[in-house]
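Structure file target_2.cif (mmCIF, C-alpha atoms) is printed below.
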```
data_input
loop_
_atom_site.label_atom_id
_atom_site.label_comp_id
_atom_site.auth_asym_id
_atom_site.auth_seq_id
_atom_site.Cartn_x
_atom_site.Cartn_y
_atom_site.Cartn_z
CA MET A 119 25.68 26.50 -38.12
CA PRO A 120 23.52 23.36 -37.66
CA VAL A 121 26.58 21.25 -38.56
CA LEU A 122 28.71 23.08 -35.99
CA ARG A 123 26.03 22.66 -33.35
CA ARG A 124 25.89 18.92 -34.01
CA LEU A 125 29.66 18.66 -33.81
CA ALA A 126 29.74 20.62 -30.55
CA ALA A 127 26.79 18.79 -28.99
CA PRO A 128 28.86 15.99 -27.38
CA ILE A 129 31.07 18.63 -25.76
CA THR A 130 28.37 21.05 -24.60
CA SER A 131 25.64 18.60 -23.66
CA GLY A 132 25.15 17.81 -19.98
CA ARG A 133 24.13 14.30 -21.01
CA THR A 134 27.75 13.55 -22.01
CA TYR A 135 29.04 14.40 -18.54
CA ARG A 136 26.32 12.38 -16.78
CA ARG A 137 27.22 9.42 -18.95
CA TYR A 138 30.88 10.08 -18.13
CA VAL A 139 30.05 9.59 -14.46
CA HIS A 140 28.20 6.34 -15.27
CA LEU A 141 31.21 5.02 -17.18
CA LEU A 142 33.60 5.96 -14.38
CA LEU A 143 31.33 4.13 -11.94
CA GLY A 144 31.75 1.08 -14.15
CA ALA A 145 35.52 1.49 -13.88
CA VAL A 146 35.24 1.73 -10.09
CA LEU A 147 33.20 -1.49 -10.03
CA ALA A 148 35.89 -3.17 -12.12
CA LEU A 149 38.71 -2.27 -9.69
CA PRO A 150 38.16 -5.22 -7.30
CA TYR A 151 38.08 -7.64 -10.23
CA LEU A 152 41.21 -6.11 -11.76
CA ALA A 153 42.97 -6.29 -8.41
CA LEU A 154 41.92 -9.91 -7.97
CA THR A 155 43.10 -10.73 -11.51
CA TRP A 156 46.44 -9.05 -10.85
CA LEU A 157 46.83 -10.96 -7.59
CA PHE A 158 45.96 -14.23 -9.29
CA VAL A 159 48.33 -13.66 -12.22
CA THR A 160 51.24 -12.61 -10.03
CA SER A 161 50.62 -15.53 -7.70
CA VAL A 162 50.54 -18.06 -10.54
CA SER A 163 53.72 -16.61 -12.06
CA SER A 164 55.61 -16.83 -8.78
CA ASP A 165 57.68 -19.93 -8.12
CA GLY A 166 56.52 -20.37 -4.55
CA LEU A 167 52.76 -20.85 -5.29
CA ASP A 168 51.47 -24.30 -4.40
CA ALA A 169 48.03 -25.95 -4.48
CA ALA A 170 47.26 -24.87 -0.92
CA ALA A 171 47.67 -21.20 -1.87
CA LEU A 172 46.04 -21.51 -5.29
CA GLY A 173 42.85 -23.08 -3.89
CA PRO A 174 41.79 -20.07 -1.74
CA LEU A 175 42.52 -17.68 -4.61
CA LEU A 176 40.33 -19.66 -7.00
CA ALA A 177 37.57 -19.88 -4.39
CA LEU A 178 37.77 -16.12 -3.82
CA ALA A 179 37.59 -15.41 -7.55
CA ALA A 180 34.66 -17.78 -8.04
CA ALA A 181 32.80 -16.29 -5.05
CA ALA A 182 33.27 -12.76 -6.36
CA ALA A 183 31.99 -13.73 -9.81
CA VAL A 184 29.02 -15.74 -8.57
CA ALA A 185 27.99 -13.17 -5.97
CA VAL A 186 26.98 -10.72 -8.69
CA VAL A 187 24.71 -13.33 -10.25
CA LEU A 188 23.05 -14.30 -6.98
CA VAL A 189 22.36 -10.85 -5.55
CA PRO A 190 18.77 -10.05 -6.66
CA GLY A 191 19.06 -6.28 -6.22
CA VAL A 192 21.82 -5.80 -8.80
CA ARG A 193 19.43 -5.29 -11.69
CA ALA A 194 17.30 -2.79 -9.76
CA LEU A 195 20.39 -0.72 -8.96
CA GLU A 196 21.53 -0.87 -12.58
CA VAL A 197 18.11 0.30 -13.80
CA THR A 198 18.15 3.23 -11.36
CA ALA A 199 21.66 4.27 -12.41
CA ALA A 200 20.86 3.96 -16.11
CA ARG A 201 17.75 6.11 -15.78
CA ALA A 202 19.52 8.80 -13.77
CA LEU A 203 22.86 8.98 -15.62
CA LEU A 204 22.26 7.58 -19.10
CA ASP A 205 18.88 9.35 -19.61
CA VAL A 206 17.23 6.07 -20.59
CA ASP A 207 13.50 5.61 -20.06
CA LEU A 208 13.32 2.22 -18.35
CA PRO A 209 10.31 0.80 -16.49
CA ASP A 210 10.70 -0.47 -12.97
CA PRO A 211 11.76 -4.11 -13.15
CA ASP A 212 9.11 -6.66 -12.33
CA PRO A 213 9.77 -8.13 -8.86
CA GLU A 214 9.77 -11.65 -10.32
CA SER A 215 12.39 -10.70 -12.92
CA LEU A 216 14.76 -9.59 -10.17
CA THR A 217 15.04 -13.17 -8.94
CA SER A 218 14.75 -14.95 -12.29
CA TRP A 219 17.87 -16.39 -13.84
CA SER A 220 17.13 -14.69 -17.14
CA GLY A 221 17.04 -11.28 -15.45
CA ARG A 222 20.19 -12.04 -13.48
CA ARG A 223 22.10 -13.18 -16.56
CA ARG A 224 21.20 -10.00 -18.44
CA ALA A 225 22.20 -7.95 -15.40
CA VAL A 226 25.61 -9.65 -15.38
CA VAL A 227 26.09 -9.00 -19.12
CA TRP A 228 25.19 -5.34 -18.57
CA LEU A 229 27.58 -5.09 -15.62
CA LEU A 230 30.44 -6.63 -17.60
CA LEU A 231 29.80 -4.30 -20.55
CA ASN A 232 29.61 -1.29 -18.24
CA MET A 233 32.88 -2.26 -16.55
CA LEU A 234 34.63 -2.93 -19.87
CA LEU A 235 33.67 0.44 -21.37
CA GLY A 236 34.29 2.14 -18.03
CA VAL A 237 37.83 0.77 -17.83
CA LEU A 238 38.43 1.86 -21.43
CA ILE A 239 37.25 5.41 -20.73
CA ALA A 240 39.20 5.50 -17.45
CA VAL A 241 42.39 4.45 -19.28
CA LEU A 242 41.80 7.08 -21.97
CA THR A 243 41.28 9.68 -19.24
CA LEU A 244 44.51 8.67 -17.49
CA ILE A 245 46.35 8.94 -20.82
CA ALA A 246 44.72 12.16 -21.99
CA ALA A 247 45.24 14.17 -18.79
CA PRO A 248 49.07 13.93 -18.50
CA SER A 249 49.42 14.04 -22.31
CA LEU A 250 47.50 17.33 -22.39
CA VAL A 251 49.76 18.82 -19.74
CA GLY A 252 52.85 17.55 -21.50
CA PHE A 253 51.82 18.88 -24.93
CA LEU A 254 50.98 22.28 -23.43
CA LEU A 255 54.35 22.55 -21.66
CA ALA A 256 56.49 21.11 -24.46
CA PRO A 257 57.46 24.51 -26.04
CA TRP A 258 58.87 25.69 -22.67
CA ARG A 259 60.04 22.48 -21.02
CA ASP A 260 62.38 19.75 -22.20
CA LEU A 261 60.22 16.61 -22.07
CA PRO A 262 61.10 13.11 -23.27
CA THR A 263 59.82 12.11 -26.73
CA LEU A 264 58.52 15.64 -27.43
CA PRO A 265 60.28 18.50 -29.20
CA THR A 266 60.87 21.78 -27.37
CA GLY A 267 61.25 25.41 -28.24
CA PRO A 268 59.98 26.74 -31.60
CA ALA A 269 59.90 23.20 -33.02
CA ALA A 270 57.13 22.36 -30.50
CA ALA A 271 54.80 25.21 -31.46
CA TRP A 272 52.28 22.69 -32.73
CA THR A 273 52.09 20.64 -29.53
CA PRO A 274 49.70 22.95 -27.58
CA VAL A 275 47.22 22.84 -30.45
CA VAL A 276 47.38 19.05 -30.61
CA GLY A 277 47.23 18.81 -26.83
CA LEU A 278 44.01 20.79 -26.70
CA LEU A 279 42.44 18.27 -29.09
CA PHE A 280 42.76 15.58 -26.43
CA VAL A 281 39.78 17.08 -24.55
CA PRO A 282 37.20 16.92 -27.37
CA ALA A 283 38.59 13.54 -28.47
CA LEU A 284 38.04 12.18 -24.96
CA LEU A 285 34.55 13.67 -24.78
CA TYR A 286 33.68 12.19 -28.17
CA ALA A 287 34.83 8.81 -26.89
CA VAL A 288 32.72 9.26 -23.76
CA ALA A 289 29.70 10.27 -25.85
CA GLY A 290 30.13 7.23 -28.11
CA ALA A 291 30.52 4.77 -25.24
CA GLY A 292 27.61 6.36 -23.38
CA GLU A 293 25.40 6.20 -26.46
CA MET A 294 26.26 2.52 -26.88
CA LEU A 295 25.22 1.81 -23.30
CA ALA A 296 22.04 3.87 -23.71
CA ARG A 297 21.03 1.89 -26.78
CA LEU A 298 21.73 -1.47 -25.15
CA ALA A 299 20.09 -0.62 -21.83
CA PRO A 300 16.50 -1.37 -22.95
CA ARG A 301 17.58 -4.78 -24.24
CA LEU A 302 19.62 -5.80 -21.21
CA LEU A 303 17.81 -3.96 -18.41
CA GLY A 304 14.35 -3.54 -19.89
CA PRO A 305 11.62 -6.17 -19.81
CA THR A 306 11.94 -9.26 -21.94
CA THR A 307 9.27 -10.23 -24.46
CA GLU A 308 7.76 -12.59 -21.89
CA GLU A 309 7.77 -9.86 -19.24
CA ARG A 310 6.19 -7.38 -21.62
CA LEU A 311 3.48 -9.88 -22.55
CA ALA A 312 2.91 -10.66 -18.89
CA GLY A 313 2.66 -6.95 -18.11
CA GLU A 314 0.23 -6.36 -20.97
CA LEU A 315 -1.85 -9.33 -19.82
CA ALA A 316 -1.90 -7.99 -16.27
CA ASP A 317 -2.97 -4.56 -17.53
CA ALA A 318 -5.69 -6.13 -19.67
CA LEU A 319 -6.97 -8.19 -16.75
CA HIS A 320 -6.93 -5.12 -14.53
CA ALA A 321 -8.88 -3.13 -17.14
CA ALA A 322 -11.35 -6.00 -17.53
CA ASP A 323 -11.83 -6.19 -13.76
CA ALA A 324 -12.34 -2.43 -13.58
CA LEU A 325 -14.89 -2.57 -16.41
CA ALA A 326 -16.71 -5.48 -14.78
CA GLU A 327 -16.83 -3.63 -11.47
CA ARG A 328 -18.08 -0.48 -13.17
CA ASN A 329 -20.82 -2.43 -14.94
CA ARG A 330 -21.77 -4.12 -11.69
CA LEU A 331 -22.10 -0.78 -9.91
CA ALA A 332 -24.11 0.58 -12.84
CA ARG A 333 -26.50 -2.37 -12.51
CA GLU A 334 -26.84 -1.75 -8.78
CA LEU A 335 -27.74 1.89 -9.34
CA HIS A 336 -30.09 1.11 -12.20
CA ASP A 337 -31.98 -1.59 -10.31
CA SER A 338 -32.24 0.05 -6.89
CA VAL A 339 -32.78 3.67 -7.89
CA GLY A 340 -34.93 2.74 -10.90
CA HIS A 341 -37.18 0.57 -8.75
CA ALA A 342 -37.49 3.28 -6.08
CA LEU A 343 -38.37 5.95 -8.66
CA THR A 344 -40.91 3.71 -10.38
CA VAL A 345 -42.64 2.82 -7.11
CA THR A 346 -42.64 6.36 -5.78
CA THR A 347 -43.97 7.74 -9.09
CA LEU A 348 -46.94 5.37 -9.02
CA GLN A 349 -47.56 5.99 -5.33
CA ALA A 350 -47.36 9.74 -5.73
CA GLY A 351 -49.80 9.62 -8.65
CA ALA A 352 -52.27 7.48 -6.71
CA ALA A 353 -51.94 9.69 -3.62
CA ALA A 354 -52.65 12.80 -5.68
CA ARG A 355 -55.84 11.24 -7.04
CA LEU A 356 -57.05 10.18 -3.59
CA LEU A 357 -55.80 13.17 -1.63
CA ASP A 358 -59.32 14.37 -0.71
CA SER A 359 -61.25 11.09 -0.64
CA ASP A 360 -58.84 8.73 1.16
CA PRO A 361 -56.38 10.55 3.46
CA GLU A 362 -55.37 7.25 5.10
CA PHE A 363 -54.22 5.84 1.75
CA VAL A 364 -52.28 9.04 1.10
CA ARG A 365 -50.57 8.68 4.49
CA ARG A 366 -49.54 5.09 3.72
CA ALA A 367 -48.37 6.09 0.25
CA LEU A 368 -46.20 8.87 1.67
CA GLU A 369 -44.70 6.46 4.20
CA ALA A 370 -43.98 3.98 1.41
CA ILE A 371 -42.38 6.74 -0.66
CA ALA A 372 -40.17 7.64 2.30
CA ASP A 373 -39.18 3.98 2.79
CA ALA A 374 -38.37 3.56 -0.90
CA GLY A 375 -36.35 6.75 -0.87
CA ARG A 376 -34.37 5.68 2.18
CA ALA A 377 -33.64 2.26 0.63
CA ALA A 378 -32.48 3.93 -2.59
CA LEU A 379 -30.27 6.31 -0.62
CA ASP A 380 -28.71 3.39 1.24
CA ASP A 381 -27.92 1.67 -2.06
CA LEU A 382 -26.59 4.91 -3.53
CA ASP A 383 -24.42 5.48 -0.46
CA HIS A 384 -23.06 1.95 -0.78
CA VAL A 385 -22.17 2.36 -4.46
CA LEU A 386 -20.56 5.77 -3.91
CA GLY A 387 -18.52 4.28 -1.10
CA LEU A 388 -17.21 1.62 -3.46
CA LEU A 389 -16.40 4.22 -6.10
CA ARG A 390 -14.50 6.41 -3.65
CA GLU A 391 -10.75 6.03 -4.06
CA GLY A 392 -9.50 3.83 -1.26
CA GLY A 393 -13.17 3.52 -0.46
CA ASP A 394 -14.15 3.14 3.14
CA GLY A 395 -17.31 1.45 2.02
CA GLY A 396 -19.89 4.11 2.66
CA GLY A 397 -20.69 7.64 3.62
CA GLY A 398 -19.54 8.77 7.02
CA GLY A 399 -16.56 6.42 7.02
CA GLY A 400 -18.49 3.39 8.33
CA ALA A 401 -18.60 -0.16 7.09
CA PRO A 402 -20.42 -0.78 3.79
CA ALA A 403 -24.14 -1.27 4.14
CA PRO A 404 -25.16 -4.92 3.66
CA GLN A 405 -26.72 -5.51 0.28
CA PRO A 406 -30.29 -6.81 0.20
CA ASP A 407 -30.91 -10.45 -0.58
CA LEU A 408 -33.81 -12.89 -0.56
CA THR A 409 -34.18 -12.52 3.21
CA ASP A 410 -35.19 -8.89 2.56
CA LEU A 411 -37.78 -9.87 -0.04
CA ALA A 412 -40.74 -9.00 2.20
CA ARG A 413 -39.78 -5.32 2.30
CA LEU A 414 -39.42 -5.23 -1.48
CA LEU A 415 -42.82 -6.83 -1.98
CA ASP A 416 -44.49 -4.54 0.57
CA GLY A 417 -43.16 -1.52 -1.30
CA ALA A 418 -44.61 -2.78 -4.57
CA ARG A 419 -47.93 -3.67 -2.94
CA SER A 420 -48.18 -0.15 -1.53
CA ALA A 421 -48.17 1.07 -5.13
CA GLY A 422 -51.30 -0.98 -5.79
CA VAL A 423 -49.70 -4.15 -7.14
CA ASP A 424 -51.28 -7.46 -6.21
CA ILE A 425 -48.36 -9.86 -5.76
CA ASP A 426 -48.74 -13.59 -5.40
CA VAL A 427 -45.59 -15.16 -3.97
CA THR A 428 -44.82 -18.86 -3.89
CA THR A 429 -41.61 -20.17 -2.36
CA ALA A 430 -40.14 -23.63 -2.03
CA GLY A 431 -37.07 -24.56 -0.05
CA ASP A 432 -35.16 -22.64 2.59
CA LEU A 433 -34.14 -19.28 1.12
CA ALA A 434 -31.82 -18.61 4.06
CA THR A 435 -29.52 -21.40 2.87
CA VAL A 436 -29.03 -19.88 -0.58
CA PRO A 437 -25.40 -18.71 -1.02
CA ALA A 438 -25.07 -14.98 -0.35
CA VAL A 439 -23.90 -14.02 -3.85
CA VAL A 440 -26.76 -15.98 -5.46
CA SER A 441 -29.27 -14.56 -2.98
CA ARG A 442 -28.22 -10.97 -3.72
CA GLU A 443 -28.41 -11.41 -7.48
CA ALA A 444 -31.77 -13.20 -7.21
CA TYR A 445 -33.13 -10.28 -5.16
CA ARG A 446 -32.04 -7.83 -7.86
CA ILE A 447 -33.59 -9.94 -10.62
CA ILE A 448 -36.93 -10.03 -8.80
CA GLN A 449 -36.65 -6.30 -8.10
CA GLU A 450 -36.05 -5.54 -11.77
CA GLY A 451 -38.95 -7.81 -12.75
CA LEU A 452 -41.30 -5.89 -10.45
CA THR A 453 -39.94 -2.57 -11.73
CA ASN A 454 -40.60 -3.59 -15.34
CA ALA A 455 -44.12 -4.73 -14.45
CA LEU A 456 -44.91 -1.41 -12.76
CA ARG A 457 -43.29 0.68 -15.47
CA HIS A 458 -44.69 -1.04 -18.53
CA ALA A 459 -47.94 -2.65 -17.38
CA GLY A 460 -48.95 -0.57 -14.38
CA PRO A 461 -50.37 -1.96 -11.12
CA VAL A 462 -51.31 -5.35 -12.54
CA PRO A 463 -51.19 -8.68 -10.67
CA VAL A 464 -47.68 -10.11 -10.50
CA ALA A 465 -46.79 -13.72 -9.76
CA VAL A 466 -43.42 -14.46 -8.17
CA ARG A 467 -42.19 -18.04 -7.92
CA ILE A 468 -39.01 -18.97 -6.04
CA ASP A 469 -37.80 -22.56 -5.83
CA ALA A 470 -34.57 -23.28 -3.97
CA ALA A 471 -34.01 -26.80 -5.23
CA VAL A 472 -31.00 -28.94 -4.41
CA ASP A 473 -28.67 -27.54 -7.08
CA VAL A 474 -30.56 -24.69 -8.77
CA LEU A 475 -32.47 -21.61 -7.63
CA ALA A 476 -35.39 -21.11 -10.05
CA LEU A 477 -37.06 -17.69 -10.28
CA THR A 478 -40.13 -16.66 -12.24
CA VAL A 479 -41.73 -13.20 -12.35
CA SER A 480 -44.78 -12.87 -14.61
CA ASN A 481 -47.44 -10.23 -15.15
CA PRO A 482 -50.23 -9.63 -17.68
CA LEU A 483 -49.49 -7.40 -20.67
CA ARG A 484 -52.32 -5.04 -19.81
CA ARG A 485 -51.30 -2.23 -22.13
CA LYS A 486 -51.68 -3.05 -25.80
CA GLY A 487 -48.32 -3.50 -27.47
CA SER A 488 -46.53 -3.05 -24.17
CA THR A 489 -43.46 -5.06 -23.31
CA ALA A 490 -41.77 -5.18 -19.96
CA GLY A 491 -38.23 -4.05 -20.33
CA GLY A 492 -36.06 -4.64 -23.35
CA GLY A 493 -33.48 -2.04 -22.34
CA ARG A 494 -30.87 -1.75 -19.63
CA GLY A 495 -32.98 -3.73 -17.15
CA LEU A 496 -32.99 -6.93 -19.17
CA ARG A 497 -29.32 -6.50 -20.08
CA GLY A 498 -28.53 -6.06 -16.40
CA MET A 499 -30.43 -9.23 -15.49
CA ALA A 500 -28.66 -11.13 -18.26
CA GLU A 501 -25.27 -9.96 -16.97
CA ARG A 502 -26.12 -11.02 -13.42
CA VAL A 503 -27.19 -14.46 -14.59
CA ARG A 504 -24.17 -14.85 -16.88
CA VAL A 505 -21.75 -14.06 -14.04
CA LEU A 506 -23.31 -16.90 -12.02
CA ARG A 507 -23.25 -19.19 -15.09
CA GLY A 508 -27.02 -19.49 -15.02
CA GLU A 509 -29.82 -19.27 -17.56
CA LEU A 510 -32.29 -16.44 -18.28
CA SER A 511 -35.31 -16.13 -20.51
CA ALA A 512 -37.59 -13.13 -20.81
CA GLY A 513 -40.49 -12.42 -23.15
CA PRO A 514 -44.22 -12.70 -23.75
CA ALA A 515 -45.89 -16.04 -23.09
CA ASP A 516 -49.64 -16.77 -22.96
CA GLY A 517 -50.58 -13.09 -22.67
CA CYS A 518 -48.04 -12.44 -19.89
CA TRP A 519 -44.56 -11.07 -19.71
CA ARG A 520 -42.47 -13.73 -18.03
CA VAL A 521 -38.92 -13.56 -16.70
CA THR A 522 -37.40 -16.91 -15.75
CA ALA A 523 -33.94 -17.39 -14.28
CA ARG A 524 -32.10 -20.51 -13.15
CA LEU A 525 -29.08 -19.86 -10.92
CA PRO A 526 -26.70 -22.64 -9.83
CA LEU A 527 -26.44 -22.83 -6.05
CA SER A 528 -22.89 -24.18 -6.22
CA VAL A 529 -21.10 -20.95 -7.18
CA ARG A 530 -17.64 -21.46 -8.65
CA ARG A 531 -15.14 -18.91 -7.39
#
```
Would it be possible to restate this file's structure as structure tokens?
Amino acid sequence: MPVLRRLAAPITSGRTYRRYVHLLLGAVLALPYLALTWLFVTSVSSDGLDAAALGPLLALAAAAAVAVVLVPGVRALEVTAARALLDVDLPDPDPESLTSWSGRRRAVVWLLLNMLLGVLIAVLTLIAAPSLVGFLLAPWRDLPTLPTGPAAAWTPVVGLLFVPALLYAVAGAGEMLARLAPRLLGPTTEERLAGELADALHAADALAERNRLARELHDSVGHALTVTTLQAGAAARLLDSDPEFVRRALEAIADAGRAALDDLDHVLGLLREGGDGGGGGGAPAPQPDLTDLARLLDGARSAGVDIDVTTAGDLATVPAVVSREAYRIIQEGLTNALRHAGPVPVAVRIDAAVDVLALTVSNPLRRKGSTAGGGRGLRGMAERVRVLRGELSAGPADGCWRVTARLPLSVRR
């Protein structure tokens, strides 16, 4: 039974008949070329043909042949037809391959092969159909070249074999086209490599963007939580003795919470598919930079941190991308100081020199064995500095934890 099913598969499978249609379409496409060939041959064989008549015929033949090569949409149509009728899994052709000469040449080879096999199947069909009728009628009709009467009892049986023979031929030609389609219509090795490279670059860009958003959330939300935790603890201790301090602490907690929500809203807007940039459908909230440093420092001071800030140069002239990353580095440095050393004095130095923005955040290591950071915060700062092709150092020095960053002001795009 399995053998019989395999033998009957080309006859019973719908794929054979879809491929039959594809082959007949190839024969239809070949008709203008066959007609032009017939016209050319008959014209050349006639005695009255001169150079004036031969010239237009040659120009017409050359134009018809070249037109197929020049039309960029031929390959796209061939891919669509092959997928629908040959059941071949072909990717959409790359737009550049549609206009490349390599893609056009392969499209012409495919078209010629399709027309050749299509004409062959069309000729077999034109032979098989009348032959089948003739073999079936031979016992009852007197037909040329065929016996009649009882001597033709075998002809109906042979005639019925024309149908499976034709279908087997169709299945074979269709299978040949299906196997060659990926080579002639599919991407070349260069196109595949280019596609893989594009996919890899897209994945790398997506990963870089995801890491950037993770850093934004870590720095902004982590800083807000650290500050609010310290402020809430201090407010709880002074709730009865210093109500004014508690009021200021609660206001600072509210400000830190609102700033963290703004950053969170910005990041979620970027993550949203087709992101509109922020909650409520508005434009994305501007990201803080060095011009917003005063608010950051006030929030840390409200938690009991004594911050000494020294600046040199005009911070407003720092490129926006450098200014934003510098703000985040200082924010993470303050967060680490609060988290690991508590409300200790912190020194912040910012020097916007001619070519380099130098940052330093240092604080005493008040807690024995304590280190500021060492986890995601330092990795995030290192990634920010690396993107800007800068330099970062972080570690204990002279009883302090010191973070130093040097960011080029001439950012290469």
Do a neighbour search on A:Leu298 at 10 Å with only C-alpha atoms, toss out local chain neighbours closer than 4 positions, and write the hits as a VMD selection string.
chain A and resid 206 228 231 292 to 294 302 to 304
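Between A:Leu142 and the residues A:Leu382, A:Leu483, A:Ala430, A:Leu244, the shortest atom-to-atom distance, using only C-alpha atoms, involves A:Leu244.
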Near A:Ala444, within 8 Å and counting only C-alpha atoms, which residues show up once chain neighbours fewer than 5 positions away are dropped, as a tab-separated table (two decimals) with C-alpha atoms, keeping the file's coordinate frame?
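Output contents, as saved in around.tsv:
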```tsv
chain	number	residue	atom	x	y	z
A	407	ASP	CA	-30.91	-10.45	-0.58
A	408	LEU	CA	-33.81	-12.89	-0.56
A	477	LEU	CA	-37.06	-17.69	-10.28
```
Atom CA of A:Ala378 to atom CA of A:Asp358, distance in Å rounded to a single decimal
28.9 Å
If you count all atoms listed in the file, the residue of A:Val345, A:Leu157, A:Leu141, A:Leu295 closest to A:Val227 turns out to be A:Leu295
So, with only C-alpha atoms as the atoms that count, which of A:Ala271, A:Val427, A:Ala353, A:Val251 lies closest to A:Ile468?
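For A:Ile468, the nearest of the given residues is A:Val427.
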Which residues, named as in the file, does the PyMOL selection byres ((chain A and resi 480) around 7) pick out? Answer as a list of chain:residue names.
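Selected by the PyMOL selection byres ((chain A and resi 480) around 7) here: A:Val464, A:Ala465, A:Val466, A:Thr478, A:Val479, A:Asn481, A:Cys518, A:Trp519, A:Arg520, A:Val521.
Ranking A:Ile371, A:Ala256, A:Leu261, A:Leu285 by their shortest atom-to-atom distance to A:Thr273, with all atoms listed in the file included, puts A:Ala256 first.
Note that atom CA of A:Pro361 and atom CA of A:Thr346 are 17.1 Å apart.
Considering the residues A:Gln405, A:Val462, A:Gly417, A:Ala269 and counting only C-alpha atoms, A:Leu368 has its shortest atom-to-atom contact with A:Gly417.
For the structure in this document, the set picked by the PyMOL selection byres ((chain A and resi 274-283) around 9) is Ala126, Pro128, Ile129, Ala246, Ala247, Ser249, Leu250, Val251, Gly252, Phe253, Leu254, Leu255, Ala256, Pro257, Ala270, Ala271, Trp272, Thr273, Leu284, Leu285, Tyr286, Ala287 and Val288 of chain A.
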Here is a test: counting only C-alpha atoms, which residue of A:Ala470, A:Leu527, A:Ile448, A:Met499 is nearest to A:Asp432?
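Closest residue, counting only C-alpha atoms: A:Ala470.
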Expansion of the PyMOL selection byres ((chain A and resi 194-197) around 9) into residues, as a list in words
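Written out, the selection comes to Pro190, Gly191, Val192, Arg193, Thr198, Ala199, Ala200, Arg201, Ala202, Val206, Leu208, Pro209, Asp210, Pro211, Leu216, Ala225, Trp228, Leu229, Ala299, Leu303 and Gly304 of chain A.
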What separation in Å, quoted to one decimal, exists between atom CA of A:Val364 and atom CA of A:Thr347?
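Separation between atom CA of A:Val364 and atom CA of A:Thr347: 13.2 Å.
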